[in-house]
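target_27.pdb, holding PDB, C-alpha atoms, pLDDT in the B column:
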```pdb
MODEL        1
ATOM      1  CA  MET L   1      -2.981  50.786  22.213  1.00 51.00           C
ATOM      2  CA  VAL L   2      -1.635  48.010  24.432  1.00 51.00           C
ATOM      3  CA  ARG L   3      -5.151  46.860  25.260  1.00 54.00           C
ATOM      4  CA  SER L   4      -6.128  46.936  21.578  1.00 64.00           C
ATOM      5  CA  SER L   5      -3.115  44.803  20.597  1.00 66.00           C
ATOM      6  CA  SER L   6      -3.858  42.376  23.419  1.00 68.00           C
ATOM      7  CA  GLY L   7      -7.419  42.001  22.157  1.00 68.00           C
ATOM      8  CA  ILE L   8      -6.221  41.314  18.614  1.00 74.00           C
ATOM      9  CA  VAL L   9      -3.694  38.714  19.804  1.00 64.00           C
ATOM     10  CA  ALA L  10      -6.331  37.052  21.985  1.00 64.00           C
ATOM     11  CA  GLY L  11      -8.782  36.970  19.072  1.00 64.00           C
ATOM     12  CA  LEU L  12      -6.203  35.514  16.672  1.00 67.00           C
ATOM     13  CA  THR L  13      -5.186  32.901  19.256  1.00 63.00           C
ATOM     14  CA  ALA L  14      -8.821  31.890  19.785  1.00 60.00           C
ATOM     15  CA  ALA L  15      -9.375  31.655  16.010  1.00 59.00           C
ATOM     16  CA  ALA L  16      -6.204  29.568  15.567  1.00 54.00           C
ATOM     17  CA  LEU L  17      -7.258  27.180  18.333  1.00 54.00           C
ATOM     18  CA  ALA L  18     -10.709  26.824  16.757  1.00 53.00           C
ATOM     19  CA  VAL L  19      -9.142  25.969  13.362  1.00 49.00           C
ATOM     20  CA  ILE L  20      -6.768  23.446  14.988  1.00 56.00           C
ATOM     21  CA  GLY L  21      -9.672  21.860  16.843  1.00 49.00           C
ATOM     22  CA  PHE L  22     -11.716  21.595  13.651  1.00 45.00           C
ATOM     23  CA  LEU L  23      -8.820  20.065  11.683  1.00 47.00           C
ATOM     24  CA  THR L  24      -8.130  17.623  14.516  1.00 47.00           C
ATOM     25  CA  TYR L  25     -11.775  16.551  14.457  1.00 46.00           C
ATOM     26  CA  GLN L  26     -11.656  16.024  10.679  1.00 47.00           C
ATOM     27  CA  ALA L  27      -8.380  14.064  10.878  1.00 44.00           C
ATOM     28  CA  SER L  28      -9.770  11.804  13.599  1.00 43.00           C
ATOM     29  CA  ALA L  29     -12.291  10.445  11.111  1.00 42.00           C
ATOM     30  CA  TYR L  30      -9.392   9.000   9.064  1.00 40.00           C
ATOM     31  CA  ALA L  31      -7.168   7.819  11.900  1.00 42.00           C
ATOM     32  CA  PRO L  32      -7.127   4.108  12.740  1.00 46.00           C
ATOM     33  CA  ASP L  33      -8.384   3.044  16.169  1.00 44.00           C
ATOM     34  CA  ASP L  34      -5.004   1.455  16.894  1.00 44.00           C
ATOM     35  CA  LEU L  35      -1.834   3.302  15.903  1.00 42.00           C
ATOM     36  CA  SER L  36       0.400   0.257  16.348  1.00 45.00           C
ATOM     37  CA  SER L  37       2.003  -1.375  13.307  1.00 44.00           C
ATOM     38  CA  PRO L  38      -0.530  -2.222  10.580  1.00 46.00           C
ATOM     39  CA  ARG L  39      -1.564  -5.863  10.463  1.00 48.00           C
ATOM     40  CA  ALA L  40      -3.896  -7.813   8.212  1.00 51.00           C
ATOM     41  CA  THR L  41      -7.472  -6.791   8.951  1.00 51.00           C
ATOM     42  CA  GLU L  42      -8.840 -10.196   8.056  1.00 48.00           C
ATOM     43  CA  SER L  43      -6.806 -13.306   7.850  1.00 46.00           C
ATOM     44  CA  ALA L  44      -7.020 -15.503   4.785  1.00 45.00           C
ATOM     45  CA  PRO L  45      -6.535 -19.217   5.377  1.00 41.00           C
ATOM     46  CA  ALA L  46      -2.749 -19.600   5.214  1.00 41.00           C
ATOM     47  CA  ALA L  47      -2.831 -23.219   4.073  1.00 37.00           C
ATOM     48  CA  GLU L  48      -5.124 -22.525   1.116  1.00 43.00           C
ATOM     49  CA  LYS L  49      -3.741 -21.460  -2.224  1.00 48.00           C
ATOM     50  CA  ALA L  50      -5.961 -19.078  -4.169  1.00 51.00           C
ATOM     51  CA  PRO L  51      -7.473 -21.048  -7.085  1.00 52.00           C
ATOM     52  CA  ARG L  52      -6.089 -20.100 -10.491  1.00 61.00           C
ATOM     53  CA  ASP L  53      -7.339 -20.416 -14.019  1.00 62.00           C
ATOM     54  CA  ARG L  54      -4.435 -22.432 -15.466  1.00 62.00           C
ATOM     55  CA  ASN L  55      -5.507 -21.532 -19.023  1.00 65.00           C
ATOM     56  CA  HIS L  56      -5.199 -17.841 -18.124  1.00 73.00           C
ATOM     57  CA  PRO L  57      -2.322 -17.441 -15.641  1.00 69.00           C
ATOM     58  CA  THR L  58      -2.812 -13.672 -15.400  1.00 82.00           C
ATOM     59  CA  ALA L  59      -6.505 -14.052 -14.460  1.00 89.00           C
ATOM     60  CA  LEU L  60      -7.497 -12.526 -11.126  1.00 93.00           C
ATOM     61  CA  PRO L  61      -7.403 -15.165  -8.352  1.00 92.00           C
ATOM     62  CA  THR L  62     -10.848 -16.164  -7.128  1.00 87.00           C
ATOM     63  CA  GLY L  63     -11.475 -15.467  -3.462  1.00 87.00           C
ATOM     64  CA  SER L  64      -9.481 -12.223  -3.541  1.00 93.00           C
ATOM     65  CA  GLY L  65     -12.425 -10.106  -2.445  1.00 94.00           C
ATOM     66  CA  THR L  66     -14.698  -7.692  -4.253  1.00 95.00           C
ATOM     67  CA  GLY L  67     -14.635  -4.017  -5.106  1.00 95.00           C
ATOM     68  CA  GLU L  68     -11.763  -1.674  -5.771  1.00 97.00           C
ATOM     69  CA  ARG L  69      -8.500  -3.146  -4.459  1.00 98.00           C
ATOM     70  CA  VAL L  70      -4.919  -4.196  -5.087  1.00 98.00           C
ATOM     71  CA  VAL L  71      -4.417  -7.972  -5.143  1.00 98.00           C
ATOM     72  CA  TYR L  72      -0.932  -9.390  -4.546  1.00 97.00           C
ATOM     73  CA  SER L  73      -0.181 -13.090  -5.079  1.00 95.00           C
ATOM     74  CA  LEU L  74       2.790 -14.368  -3.085  1.00 95.00           C
ATOM     75  CA  ASP L  75       3.115 -17.581  -5.118  1.00 92.00           C
ATOM     76  CA  ASP L  76       2.793 -15.938  -8.528  1.00 92.00           C
ATOM     77  CA  ASP L  77       4.744 -12.732  -7.794  1.00 94.00           C
ATOM     78  CA  ARG L  78       1.951 -10.830  -9.513  1.00 95.00           C
ATOM     79  CA  VAL L  79      -0.222  -7.813  -8.723  1.00 97.00           C
ATOM     80  CA  TRP L  80      -3.670  -6.897 -10.021  1.00 97.00           C
ATOM     81  CA  LEU L  81      -5.232  -3.430  -9.820  1.00 98.00           C
ATOM     82  CA  VAL L  82      -8.976  -4.084  -9.650  1.00 97.00           C
ATOM     83  CA  ASP L  83     -11.662  -1.441 -10.186  1.00 96.00           C
ATOM     84  CA  ASP L  84     -14.976  -1.041  -8.376  1.00 94.00           C
ATOM     85  CA  GLY L  85     -16.742  -3.334 -10.883  1.00 92.00           C
ATOM     86  CA  ASP L  86     -14.241  -6.156 -10.168  1.00 92.00           C
ATOM     87  CA  ARG L  87     -12.571  -5.627 -13.549  1.00 94.00           C
ATOM     88  CA  VAL L  88      -8.791  -5.873 -13.748  1.00 95.00           C
ATOM     89  CA  ARG L  89      -7.395  -2.501 -14.812  1.00 95.00           C
ATOM     90  CA  LEU L  90      -3.807  -3.754 -14.912  1.00 96.00           C
ATOM     91  CA  THR L  91      -1.772  -6.784 -13.887  1.00 96.00           C
ATOM     92  CA  PHE L  92       2.007  -7.057 -13.719  1.00 96.00           C
ATOM     93  CA  GLN L  93       4.877  -9.162 -12.381  1.00 95.00           C
ATOM     94  CA  VAL L  94       6.796  -8.095  -9.267  1.00 95.00           C
ATOM     95  CA  SER L  95      10.091  -9.033  -7.623  1.00 92.00           C
ATOM     96  CA  PRO L  96       9.500  -9.443  -3.880  1.00 93.00           C
ATOM     97  CA  GLY L  97      11.992  -8.794  -1.113  1.00 89.00           C
ATOM     98  CA  LYS L  98      12.933 -11.421   1.431  1.00 90.00           C
ATOM     99  CA  VAL L  99      10.110 -10.555   3.880  1.00 94.00           C
ATOM    100  CA  ASP L 100       6.577 -11.356   2.677  1.00 94.00           C
ATOM    101  CA  PRO L 101       3.363 -10.070   4.214  1.00 97.00           C
ATOM    102  CA  LEU L 102       1.016 -12.677   5.649  1.00 96.00           C
ATOM    103  CA  PRO L 103      -1.990 -13.557   3.482  1.00 96.00           C
ATOM    104  CA  GLY L 104      -4.901 -11.328   4.428  1.00 96.00           C
ATOM    105  CA  ARG L 105      -6.518  -7.961   3.850  1.00 97.00           C
ATOM    106  CA  TYR L 106      -4.693  -4.684   4.471  1.00 98.00           C
ATOM    107  CA  VAL L 107      -4.993  -1.004   3.570  1.00 98.00           C
ATOM    108  CA  VAL L 108      -2.411   1.396   2.181  1.00 98.00           C
ATOM    109  CA  THR L 109      -0.970   3.180   5.221  1.00 97.00           C
ATOM    110  CA  SER L 110       1.705   5.458   3.759  1.00 97.00           C
ATOM    111  CA  ARG L 111       3.301   6.585   0.506  1.00 98.00           C
ATOM    112  CA  SER L 112       6.533   8.272  -0.528  1.00 97.00           C
ATOM    113  CA  GLY L 113       7.290   9.887  -3.884  1.00 96.00           C
ATOM    114  CA  THR L 114      11.031   9.199  -4.017  1.00 96.00           C
ATOM    115  CA  ILE L 115      13.296   7.730  -1.330  1.00 95.00           C
ATOM    116  CA  VAL L 116      16.355   5.558  -0.949  1.00 93.00           C
ATOM    117  CA  GLY L 117      15.306   2.009  -0.084  1.00 88.00           C
ATOM    118  CA  SER L 118      16.788   0.043   2.814  1.00 84.00           C
ATOM    119  CA  ASP L 119      19.094  -1.662   0.308  1.00 84.00           C
ATOM    120  CA  GLY L 120      20.502   1.674  -0.889  1.00 88.00           C
ATOM    121  CA  VAL L 121      18.591   1.740  -4.201  1.00 90.00           C
ATOM    122  CA  ALA L 122      16.751   4.948  -5.144  1.00 94.00           C
ATOM    123  CA  VAL L 123      13.049   4.073  -5.506  1.00 95.00           C
ATOM    124  CA  GLU L 124       9.905   5.981  -6.404  1.00 97.00           C
ATOM    125  CA  HIS L 125       6.164   5.637  -6.007  1.00 97.00           C
ATOM    126  CA  VAL L 126       6.469   3.762  -2.718  1.00 97.00           C
ATOM    127  CA  VAL L 127       3.119   2.387  -1.493  1.00 98.00           C
ATOM    128  CA  ARG L 128       3.297   0.760   1.972  1.00 98.00           C
ATOM    129  CA  PHE L 129       0.571  -1.476   3.352  1.00 98.00           C
ATOM    130  CA  ALA L 130       2.037  -3.814   5.981  1.00 97.00           C
ATOM    131  CA  ASP L 131       4.669  -4.198   8.686  1.00 94.00           C
ATOM    132  CA  LEU L 132       6.120  -7.508   9.816  1.00 93.00           C
ATOM    133  CA  ASP L 133       8.468  -7.547  12.795  1.00 90.00           C
ATOM    134  CA  GLY L 134       9.346  -3.887  12.250  1.00 92.00           C
ATOM    135  CA  ILE L 135      10.004  -4.285   8.513  1.00 93.00           C
ATOM    136  CA  ALA L 136       7.829  -2.094   6.286  1.00 95.00           C
ATOM    137  CA  ILE L 137       6.293  -3.913   3.322  1.00 96.00           C
ATOM    138  CA  GLY L 138       5.227  -2.121   0.172  1.00 96.00           C
ATOM    139  CA  PHE L 139       5.471  -1.703  -3.572  1.00 97.00           C
ATOM    140  CA  SER L 140       8.065   0.482  -5.314  1.00 96.00           C
ATOM    141  CA  ALA L 141       9.935   1.019  -8.577  1.00 96.00           C
ATOM    142  CA  ALA L 142      13.683   1.524  -8.878  1.00 94.00           C
ATOM    143  CA  VAL L 143      14.414   4.979 -10.306  1.00 95.00           C
ATOM    144  CA  ASP L 144      17.033   3.453 -12.645  1.00 93.00           C
ATOM    145  CA  GLY L 145      14.310   1.244 -14.162  1.00 89.00           C
ATOM    146  CA  SER L 146      15.751  -2.061 -12.950  1.00 86.00           C
ATOM    147  CA  THR L 147      13.301  -4.699 -11.772  1.00 79.00           C
ATOM    148  CA  THR L 148      15.740  -6.960  -9.989  1.00 74.00           C
ATOM    149  CA  PRO L 149      14.652  -8.071  -6.534  1.00 70.00           C
ATOM    150  CA  PRO L 150      15.946  -6.169  -3.522  1.00 67.00           C
ATOM    151  CA  ASP L 151      19.186  -7.462  -1.967  1.00 71.00           C
ATOM    152  CA  PRO L 152      18.431 -11.089  -0.923  1.00 72.00           C
ATOM    153  CA  THR L 153      21.011 -10.979   1.900  1.00 82.00           C
ATOM    154  CA  LYS L 154      18.959  -8.366   3.783  1.00 86.00           C
ATOM    155  CA  LYS L 155      15.544  -8.621   5.417  1.00 89.00           C
ATOM    156  CA  LEU L 156      13.668  -6.223   3.149  1.00 91.00           C
ATOM    157  CA  GLY L 157       9.962  -5.824   2.495  1.00 93.00           C
ATOM    158  CA  GLY L 158      10.262  -3.969  -0.799  1.00 92.00           C
ATOM    159  CA  ILE L 159       8.202  -5.440  -3.638  1.00 94.00           C
ATOM    160  CA  ARG L 160       9.726  -4.071  -6.851  1.00 94.00           C
ATOM    161  CA  HIS L 161       8.031  -3.590 -10.190  1.00 95.00           C
ATOM    162  CA  SER L 162       8.639  -1.606 -13.373  1.00 96.00           C
ATOM    163  CA  ARG L 163       8.456   2.175 -13.441  1.00 96.00           C
ATOM    164  CA  ALA L 164       5.335   2.022 -15.639  1.00 96.00           C
ATOM    165  CA  ALA L 165       3.648  -0.280 -13.110  1.00 97.00           C
ATOM    166  CA  GLY L 166       4.831   2.074 -10.354  1.00 96.00           C
ATOM    167  CA  THR L 167       3.134   5.031 -12.020  1.00 97.00           C
ATOM    168  CA  ALA L 168      -0.120   3.065 -12.291  1.00 98.00           C
ATOM    169  CA  MET L 169       0.159   1.825  -8.681  1.00 98.00           C
ATOM    170  CA  TRP L 170       0.846   5.375  -7.450  1.00 98.00           C
ATOM    171  CA  SER L 171      -2.305   6.710  -9.152  1.00 98.00           C
ATOM    172  CA  PHE L 172      -4.456   3.794  -7.978  1.00 98.00           C
ATOM    173  CA  ALA L 173      -3.269   2.887  -4.465  1.00 98.00           C
ATOM    174  CA  THR L 174      -3.953   5.965  -2.373  1.00 98.00           C
ATOM    175  CA  ILE L 175      -4.038   6.027   1.436  1.00 98.00           C
ATOM    176  CA  GLY L 176      -6.776   3.704   2.700  1.00 98.00           C
ATOM    177  CA  LYS L 177      -7.034   1.645  -0.533  1.00 98.00           C
ATOM    178  CA  ARG L 178      -7.565  -2.060   0.194  1.00 98.00           C
ATOM    179  CA  VAL L 179      -4.745  -4.529  -0.498  1.00 98.00           C
ATOM    180  CA  THR L 180      -5.503  -8.255  -0.525  1.00 97.00           C
ATOM    181  CA  VAL L 181      -2.580 -10.663  -0.209  1.00 97.00           C
ATOM    182  CA  VAL L 182      -3.159 -14.248  -1.355  1.00 96.00           C
ATOM    183  CA  ASN L 183      -0.844 -17.256  -1.550  1.00 93.00           C
TER     184      ASN L 183
ENDMDL
END
```
Is it possible to express this structure as C-alpha cells?
Amino acid sequence: MVRSSSGIVAGLTAAALAVIGFLTYQASAYAPDDLSSPRATESAPAAEKAPRDRNHPTALPTGSGTGERVVYSLDDDRVWLVDDGDRVRLTFQVSPGKVDPLPGRYVVTSRSGTIVGSDGVAVEHVVRFADLDGIAIGFSAAVDGSTTPPDPTKKLGGIRHSRAAGTAMWSFATIGKRVTVVN
C-alpha cells in the first residue's frame, strides 16, 4: 500500500506541476515586458494643448487617439469614456490630486474595489494607470459621495469623481484598457 500511495502522490504532483506550468504560460501572454513602474507608452508633446471645440466644451479633444479608451484632460479636469467607434459613451468632471500624470498614453495596470486612500478617505472603484516618483495615479470615487479633491497638502495621485462616474469607469476601464492623458 505504501508503493500505491507513493504512486498516487507522484501522479498528483506531476498533474499539479503541469497545471501550474500551463497557467504560467497563459499569464505570461498578459504580463508586460518590463515590470518596473508603469510609464507613458507614447509621449504626447508636452508643450501642445489638445485643441478644443470652444462651442462644445465637453467635446472629445482632437488628437486623443482612436478606438476604445479613457481620455483624461489635465487642463479641463475632465474624463471621456470612448467606445470602439470613437463615440463618447460618457464624459464627466474630476477633481485631481496634487500629482498629475505626464501627457501620454498608458494602460490600466491595477484596480481595487474598495480601499482607504492615502489621504484616509474610503474610496471605491479604484482604476490605476500610472506611477510618478512612486506615487500611484488613478481614478476613484469617495464612498461617502463627496467629490472634493484629495488633501492638497499631500502628494497624492488620486483623481476623484462622483460615485455614478466611478461605477461607469469601473465597468469600462478593465486591466489593459488604454488611457490617454492630454493637457
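Using the PyMOL selection byres ((chain L and resi 110) around 8) on the file at hand returns these residues: Val108, Thr109, Arg111, Ser112, Val127, Arg128, Phe129 and Ile175 of chain L.
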Skipping near chain neighbours, those fewer than 6 positions away, what residues fall within 12 Å of L:Asp100 using only C-alpha atoms, listed as a ChimeraX atom specification?
/L:72-75,77,129-133,135-139,155-159,181-183
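If you look at atom CA of L:Thr114 and atom CA of L:Gly176, they are 19.8 Å away from each other.
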Could you tell me how far atom CA of L:Lys154 sits from atom CA of L:Ser171, in Å to one decimal place?
29.1 Å
Where does the PyMOL selection byres ((chain L and resi 148) around 8) land in this file, that is, which residues does it pick, as a count of residues only?
6
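Take the candidates L:Val143, L:Val126, L:Val116, L:Val71 and check each one against L:Thr91 using all atoms listed in the file; the shortest distance goes to L:Val71.
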Set up a box along x, y and z of the file covering all listed atoms of stretch 78-81 of chain L, add 8 Å on every one of the six sides, and write the centre and edge lengths in Å to one decimal, as JSON.
```
{"center_x": -1.6, "center_y": -7.1, "center_z": -9.4, "size_x": 23.2, "size_y": 23.4, "size_z": 17.3}
```
Can you measure atom CA of L:Gly134 to atom CA of L:Val179 for me? One decimal in Å is fine.
19.0 Å
Restricting the calculation to only C-alpha atoms: of L:Asp119, L:Asp83, L:Asp144, L:Glu124, which residue gets closest to L:Leu60?
L:Asp83
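Once the PyMOL selection byres ((chain L and resi 86) around 10) is applied to the depicted file, the selected set reads Leu60, Gly65, Thr66, Gly67, Glu68, Arg69, Leu81, Val82, Asp83, Asp84, Gly85, Arg87, Val88 and Arg89 of chain L.
Residues near the point (-3.4, -1.0, -7.5), at a distance of 6 Å or less over only C-alpha atoms, make up L:Val70, L:Leu81, L:Met169, L:Phe172, L:Ala173.
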